[in-house]
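Right, one structure below, let's go through it.
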Amino acid sequence: MEAPTWAAYAAAWVGTVALLLLSMYLRRRKFNLPPGPKPWPIIGNLNLISSLPHRSLHELSLKYGPILHLKFGSFPVVVGSSVEMAKIFLKTMDVTFASRPKTAAGKYTTYNYSDITWSPYGAYWRQARKMCLMELFSAKRLESFEYIRVEEMHSLLKELYKFSGQSIILKDFLSTVSLNVISRMVLGKRYLDENESSIVTPEEFKKMLDELFLLNGVFNIGDSIPWIDFLDLQGYVKRMKTLSKKFDRFLEHVLDEHNAKRKGVENYVATDMVDVLLQLADDPNLEVKLERHGVKAFTQDLLAGGTESSAVTVEWAISELLKKPEIFEKASEELDRVIGNSRWVEEKDIPHLPYIEAIVKETMRIHPVAPLLVPRLAREDCHVAGYDIRQGTRILVNVWTIGRDPELWDEPNEFCPERFIGKDIDVKGQDFELLPFGSGRRMCPGYSLGLKVIQSSLANLLHGFKWKLPNNMKPQDLGMEEIFGLSTPRKIPLDAVVEPRLPPHLYSL
Ligand code: HEM
């Protein structure tokens, strides 16, 4: 047989290259991806994402449109930034996008995705949601805990009264009250009282929750570029591991105490959410067994979800009002007219306080606690708005952009509660222009509790006190910068002066 000539080699080589190019072309053509900037090798488009990702994505959506394709390292990400896109991702095609990406935070801080927030779509998560709906957040259960919310609210008002005329860091007081409310509802007592033979001090526990929120929201580079994950360049994974050990010590103690209380008692009646979870864990008929680590993961989710978000929202509301004293006046006028000056606001008064409700909605429009919601994951290849979205794509819905869309809102950057008066726009996941709790299958299961705590704290803070900026600071000098994590609080905690405005005996309740 004759040896192949150089011409045959060249032909084979050219043929291979042509085939490669053709297959690349066909692959590109096969996927009609949404528009977006060209990614760099290795980092993708991470160079375009600042420490305030919702703002960077907002800028990009102004350039590329309401559906945007990016790469975070090697992972495809699609961002929806309009009412239409939010509706598709969270309603029309909700089930396609009902999973969550696997992140280091889910792995290390939530018992390997055993909590509600980070567990993937499937029987375990569906069962968790059923537990939330039927047991943990049923209207009856929430009502049975109303006395706790009232007691804790009164102790906040009493505490603030002690600081009359002085300036305070409001967030410290707010997170104490939400932590107390949630720990009594979930754990059955203020586990974190100093005088208790306490396993964690309240200060340390608050730090743990702050760290949990931060680590669950950060952009951990290893989640986008898996092959450098082991380097833990930002040190986040190390912090996650340390934090999960601290939480585990605390949660083990909580479960041991609850089990000791239940032991040997026939027909034990659950008095808090951990009791409910332990009863469910004992149930042999559950579709998917709820293990001890699952009970710990759920408990941690409830503590975290219930503490930070409401405090952050109320702090933003008071900050906005300090910039616009005329809103204070209108709110006080409504409170004086509807409640009068001889009692505090109760939860059942809220439907009669439309201006206070409007302030809460306006705060959630401008300062959504989770501006990009929590990332979702495409469970299969699909089409959205004529584009292809591939299985495994991470989906972000930028509710921060939707809240500022000039097509939806007049003067979107102005804080103006009046825009909601007489309008039928709610925050409960049905009105896609205002989605602070998300919508659809993955919507926040704790929204009704969160809303109750926010509305009644804000109403009572405005009813019971006049608020001023310290040291003759002018409203325009109050900074409104934020930091981004799983929640988006003020960068610099609000410092404000409190003056009581009701008769003194009310503060000694
Ligand atoms: C101001 C109060 C709150 C706000 C603004 C808020 C916001 C959110 C948002 C935006 C999501 C993601 C929704 C999505 O992916 O579409 C979420 C999920 C969640 N929230 Fe909340 N939340 C609040 C209060 C609470 C409370 C009080 C709890 C529990 C005690 C809670 C527990 C959860 C849980 C477990 C999830 C994960 C749900 C899942 O993945 O299936 N949240 N929340």
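Ordering of the structure tokens sets the chain letters (A, B, ...); residue numbers start at 1 within each chain; ligands are numbered from 1 in the order shown.
Listed by chain and then by rising number, the residues of stretch 321-498 of chain A that DSSP assigns to strand (DSSP E) from the backbone are A:Arg376, A:Leu377, A:Cys382, A:His383, A:Val384, A:Tyr387, A:Asp388, A:Ile389, A:Arg394, A:Ile395, A:Leu396, A:Val397, A:Phe465, A:Lys466, A:Trp467, A:Lys468, A:Asp495, A:Ala496, A:Val497, A:Val498.
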Inset, instruction - For ligand 1, collect every residue having any atom at a distance of at most 6 Å from a ligand atom (counting only C-alpha atoms and all ligand atoms); output as a PyMOL selection string. - result: chain A and resi 116-117+301-302+305-306+309-310+369-370+373-374+436-439+442-447+449-450
Dump N, CA and C atoms for the selected residues as a short mmCIF file (atom, residue, chain, number, x, y, z; two decimals), in the first residue's frame?
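What follows is the written file out.cif:
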data_model
loop_
_atom_site.label_atom_id
_atom_site.label_comp_id
_atom_site.auth_asym_id
_atom_site.auth_seq_id
_atom_site.Cartn_x
_atom_site.Cartn_y
_atom_site.Cartn_z
N ILE A 116 -35.25 24.47 54.11
CA ILE A 116 -36.30 24.72 53.12
C ILE A 116 -35.73 25.56 51.97
N THR A 117 -34.97 26.61 52.35
CA THR A 117 -34.52 27.58 51.36
C THR A 117 -33.65 26.96 50.26
N ASP A 301 -33.56 27.82 59.65
CA ASP A 301 -34.21 28.62 58.60
C ASP A 301 -35.25 29.56 59.20
N LEU A 302 -36.04 29.02 60.12
CA LEU A 302 -37.13 29.81 60.70
C LEU A 302 -36.55 30.96 61.54
N GLY A 305 -34.87 33.43 58.92
CA GLY A 305 -35.86 34.12 58.08
C GLY A 305 -36.67 35.12 58.87
N GLY A 306 -36.93 34.78 60.14
CA GLY A 306 -37.84 35.61 60.92
C GLY A 306 -37.19 36.80 61.60
N SER A 309 -35.06 40.02 58.36
CA SER A 309 -35.80 40.73 57.30
C SER A 309 -36.72 41.82 57.84
N SER A 310 -37.43 41.53 58.94
CA SER A 310 -38.37 42.55 59.42
C SER A 310 -37.61 43.75 60.01
N VAL A 369 -35.94 43.52 50.66
CA VAL A 369 -34.93 42.86 51.49
C VAL A 369 -34.04 41.94 50.64
N ALA A 370 -34.66 41.27 49.65
CA ALA A 370 -33.89 40.39 48.76
C ALA A 370 -34.08 40.91 47.33
N LEU A 373 -34.36 38.31 44.78
CA LEU A 373 -35.02 37.15 45.40
C LEU A 373 -33.94 36.15 45.80
N VAL A 374 -34.27 34.85 45.85
CA VAL A 374 -33.24 33.85 46.10
C VAL A 374 -33.08 33.11 44.76
N PRO A 436 -41.79 41.77 47.10
CA PRO A 436 -40.74 41.67 48.11
C PRO A 436 -40.61 40.26 48.70
N PHE A 437 -41.66 39.44 48.61
CA PHE A 437 -41.60 38.07 49.14
C PHE A 437 -41.51 37.05 48.03
N GLY A 438 -41.27 37.47 46.78
CA GLY A 438 -41.26 36.55 45.65
C GLY A 438 -42.68 36.16 45.30
N SER A 439 -42.81 35.06 44.56
CA SER A 439 -44.14 34.60 44.14
C SER A 439 -44.02 33.13 43.76
N ARG A 442 -41.95 28.87 45.27
CA ARG A 442 -40.83 29.15 46.19
C ARG A 442 -41.04 30.45 46.97
N MET A 443 -42.22 31.02 46.87
CA MET A 443 -42.46 32.29 47.58
C MET A 443 -42.22 32.12 49.09
N CYS A 444 -41.87 33.21 49.75
CA CYS A 444 -41.58 33.16 51.17
C CYS A 444 -42.77 32.57 51.94
N PRO A 445 -42.56 31.46 52.66
CA PRO A 445 -43.67 30.88 53.41
C PRO A 445 -44.00 31.67 54.67
N GLY A 446 -43.07 32.56 55.09
CA GLY A 446 -43.27 33.29 56.35
C GLY A 446 -43.81 34.70 56.12
N TYR A 447 -44.35 34.96 54.90
CA TYR A 447 -44.68 36.35 54.57
C TYR A 447 -45.75 36.94 55.48
N LEU A 449 -46.40 36.26 58.62
CA LEU A 449 -45.79 36.59 59.90
C LEU A 449 -44.90 37.84 59.75
N GLY A 450 -44.04 37.83 58.72
CA GLY A 450 -43.14 38.96 58.48
C GLY A 450 -43.92 40.26 58.37
#
Inset, instruction - Excluding A:Ser114 and residues on its chain fewer than 5 positions from it, collect all residues at most 8 Å away from it, counting only C-alpha atoms, and give them as a PyMOL selection string. - result: chain A and resi 119+293-294+297-298
Emit the selected residues as a tab-separated table (two decimals), in the first residue's frame, including N, CA and C atoms.
chain	number	residue	atom	x	y	z
A	119	SER	N	-33.07	23.59	49.68
A	119	SER	CA	-33.26	22.20	49.23
A	119	SER	C	-33.77	22.20	47.79
A	293	HIS	N	-31.19	15.99	61.52
A	293	HIS	CA	-30.49	17.14	60.90
A	293	HIS	C	-31.47	18.01	60.11
A	294	GLY	N	-32.56	17.38	59.61
A	294	GLY	CA	-33.59	18.16	58.91
A	294	GLY	C	-34.32	19.08	59.88
A	297	ALA	N	-32.06	21.92	60.55
A	297	ALA	CA	-31.96	22.83	59.40
A	297	ALA	C	-33.21	23.71	59.29
A	298	PHE	N	-34.39	23.11	59.48
A	298	PHE	CA	-35.63	23.88	59.39
A	298	PHE	C	-35.67	24.93	60.50
Inset, instruction - Return as a ChimeraX atom specification the full set of residues in stretch 62-92 of chain A whose backbone-based DSSP assignment is alpha helix (DSSP H). - result: /A:62-64,83-87
Same residues, N, CA and C atoms, output as an mmCIF file, in the first residue's frame:
data_model
loop_
_atom_site.group_PDB
_atom_site.id
_atom_site.type_symbol
_atom_site.label_atom_id
_atom_site.label_comp_id
_atom_site.auth_asym_id
_atom_site.auth_seq_id
_atom_site.Cartn_x
_atom_site.Cartn_y
_atom_site.Cartn_z
ATOM 1 N N LEU A 62 -30.602 47.622 31.518
ATOM 2 C CA LEU A 62 -30.928 48.824 30.746
ATOM 3 C C LEU A 62 -30.306 48.728 29.354
ATOM 4 N N LYS A 63 -29.143 48.063 29.283
ATOM 5 C CA LYS A 63 -28.448 47.952 28.002
ATOM 6 C C LYS A 63 -28.998 46.799 27.152
ATOM 7 N N TYR A 64 -29.238 45.642 27.786
ATOM 8 C CA TYR A 64 -29.580 44.440 27.002
ATOM 9 C C TYR A 64 -31.058 44.073 27.033
ATOM 10 N N VAL A 83 -41.927 43.007 34.724
ATOM 11 C CA VAL A 83 -43.110 42.306 35.216
ATOM 12 C C VAL A 83 -43.373 41.059 34.366
ATOM 13 N N GLU A 84 -43.235 41.213 33.027
ATOM 14 C CA GLU A 84 -43.522 40.086 32.130
ATOM 15 C C GLU A 84 -42.582 38.918 32.435
ATOM 16 N N MET A 85 -41.295 39.215 32.610
ATOM 17 C CA MET A 85 -40.336 38.134 32.869
ATOM 18 C C MET A 85 -40.583 37.508 34.236
ATOM 19 N N ALA A 86 -40.868 38.346 35.240
ATOM 20 C CA ALA A 86 -41.145 37.808 36.585
ATOM 21 C C ALA A 86 -42.334 36.857 36.513
ATOM 22 N N LYS A 87 -43.341 37.252 35.734
ATOM 23 C CA LYS A 87 -44.541 36.414 35.609
ATOM 24 C C LYS A 87 -44.198 35.060 34.975
#
Legend entry - Residue with smallest distance to A:Glu151 - pool A:Ser457, A:Thr271, A:Ser244, A:Ser319, counting only C-alpha atoms: A:Ser457
Inset, instruction - Pick out the residues sitting within 9 Å of stretch 259-262 of chain A, and hand them over as JSON, numbers by chain; count only C-alpha atoms, and ignore anything fewer than 6 positions along from it in its own chain. - result: {"A": [268, 269, 270, 275, 278]}
Just the selected residues (N, CA and C atoms), exported as a JSON list (two decimals), in the first residue's frame, please.
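As a result, part14.json now contains:
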[["chain", "number", "residue", "atom", "x", "y", "z"],
["A", 268, "TYR", "N", -48.79, 14.51, 74.01],
["A", 268, "TYR", "CA", -48.11, 15.80, 74.26],
["A", 268, "TYR", "C", -48.62, 16.85, 73.25],
["A", 269, "VAL", "N", -48.97, 18.04, 73.76],
["A", 269, "VAL", "CA", -49.47, 19.08, 72.86],
["A", 269, "VAL", "C", -48.32, 20.03, 72.53],
["A", 270, "ALA", "N", -48.04, 20.18, 71.24],
["A", 270, "ALA", "CA", -46.92, 21.02, 70.81],
["A", 270, "ALA", "C", -47.17, 22.47, 71.22],
["A", 275, "ASP", "N", -41.37, 21.76, 68.67],
["A", 275, "ASP", "CA", -42.24, 20.64, 69.07],
["A", 275, "ASP", "C", -42.96, 20.07, 67.85],
["A", 278, "LEU", "N", -40.58, 18.12, 65.71],
["A", 278, "LEU", "CA", -40.19, 16.84, 66.30],
["A", 278, "LEU", "C", -41.33, 15.83, 66.20]]
Would you pick out the contacts of A:Met185 at 7 Å or less, using only C-alpha atoms, so that residues sharing its chain but fewer than 4 positions from it are not included, and give the list as a short mmCIF file (atom, residue, chain, number, x, y, z; two decimals) with C-alpha atoms, in the first residue's frame?
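Result saved to out14.cif:
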data_model
loop_
_atom_site.label_atom_id
_atom_site.label_comp_id
_atom_site.auth_asym_id
_atom_site.auth_seq_id
_atom_site.Cartn_x
_atom_site.Cartn_y
_atom_site.Cartn_z
CA PHE A 145 -48.74 33.27 69.02
CA VAL A 181 -40.62 37.05 68.95
CA ASP A 272 -43.76 25.79 69.74
CA MET A 273 -42.51 25.12 66.19
#
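Using only C-alpha atoms, the nearest neighbour of A:Lys468 within the list A:Lys30, A:Lys323, A:Lys246, A:Arg190 is A:Lys323.
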Legend entry - Option closest in space to A:Ser82, from A:Pro37, A:Pro504, A:Pro66, A:Glu143 [counting only C-alpha atoms]: A:Pro66
Legend entry - Distance criterion (only C-alpha atoms): nearest to A:Leu142 out of A:Ile359, A:Ile182, A:Ile492, A:Leu233: A:Ile182
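Taking only C-alpha atoms into account, A:Ala358 lies nearest to A:Lys423 out of the set A:Lys102, A:Lys289, A:Arg249, A:Lys423.
Computed from the coordinates, the atom CA of A:Leu494 to atom CA of A:Lys474 distance equals 13.8 Å.
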Inset, instruction - Mind checking which residues fall within 10 Å of A:Glu211, counting only C-alpha atoms, ignoring those fewer than 6 positions away in the same chain, and posting them as a PyMOL selection string? - result: chain A and resi 205+217+239-240+243+485
Inset, instruction - Show which residues sit within 8 Å of A:Gly440, as JSON, numbers by chain. Count only C-alpha atoms, and ignore same-chain residues fewer than 3 positions away. - result: {"A": [90, 91, 94, 429, 443]}
Please dump the current selection as a short mmCIF file (atom, residue, chain, number, x, y, z; two decimals), in the first residue's frame; keep N, CA and C atoms.
data_model
loop_
_atom_site.label_atom_id
_atom_site.label_comp_id
_atom_site.auth_asym_id
_atom_site.auth_seq_id
_atom_site.Cartn_x
_atom_site.Cartn_y
_atom_site.Cartn_z
N LEU A 90 -41.90 33.05 37.60
CA LEU A 90 -42.46 32.72 38.91
C LEU A 90 -43.91 32.22 38.86
N LYS A 91 -44.54 32.36 37.67
CA LYS A 91 -45.93 31.93 37.61
C LYS A 91 -46.15 30.94 36.45
N ASP A 94 -43.41 28.43 36.58
CA ASP A 94 -42.91 28.31 37.96
C ASP A 94 -42.27 26.95 38.23
N GLY A 429 -47.60 38.43 46.39
CA GLY A 429 -47.17 37.55 45.29
C GLY A 429 -48.14 37.50 44.12
N MET A 443 -42.22 31.02 46.87
CA MET A 443 -42.46 32.29 47.58
C MET A 443 -42.22 32.12 49.09
#
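Take the candidates A:Asn398, A:Asn341, A:Thr313, A:Ser448 and check each one against A:Arg490 using only C-alpha atoms; the shortest distance goes to A:Thr313.
Atom pair atom CA of A:Arg379 / atom CA of A:Thr488: separated by 27.9 Å.
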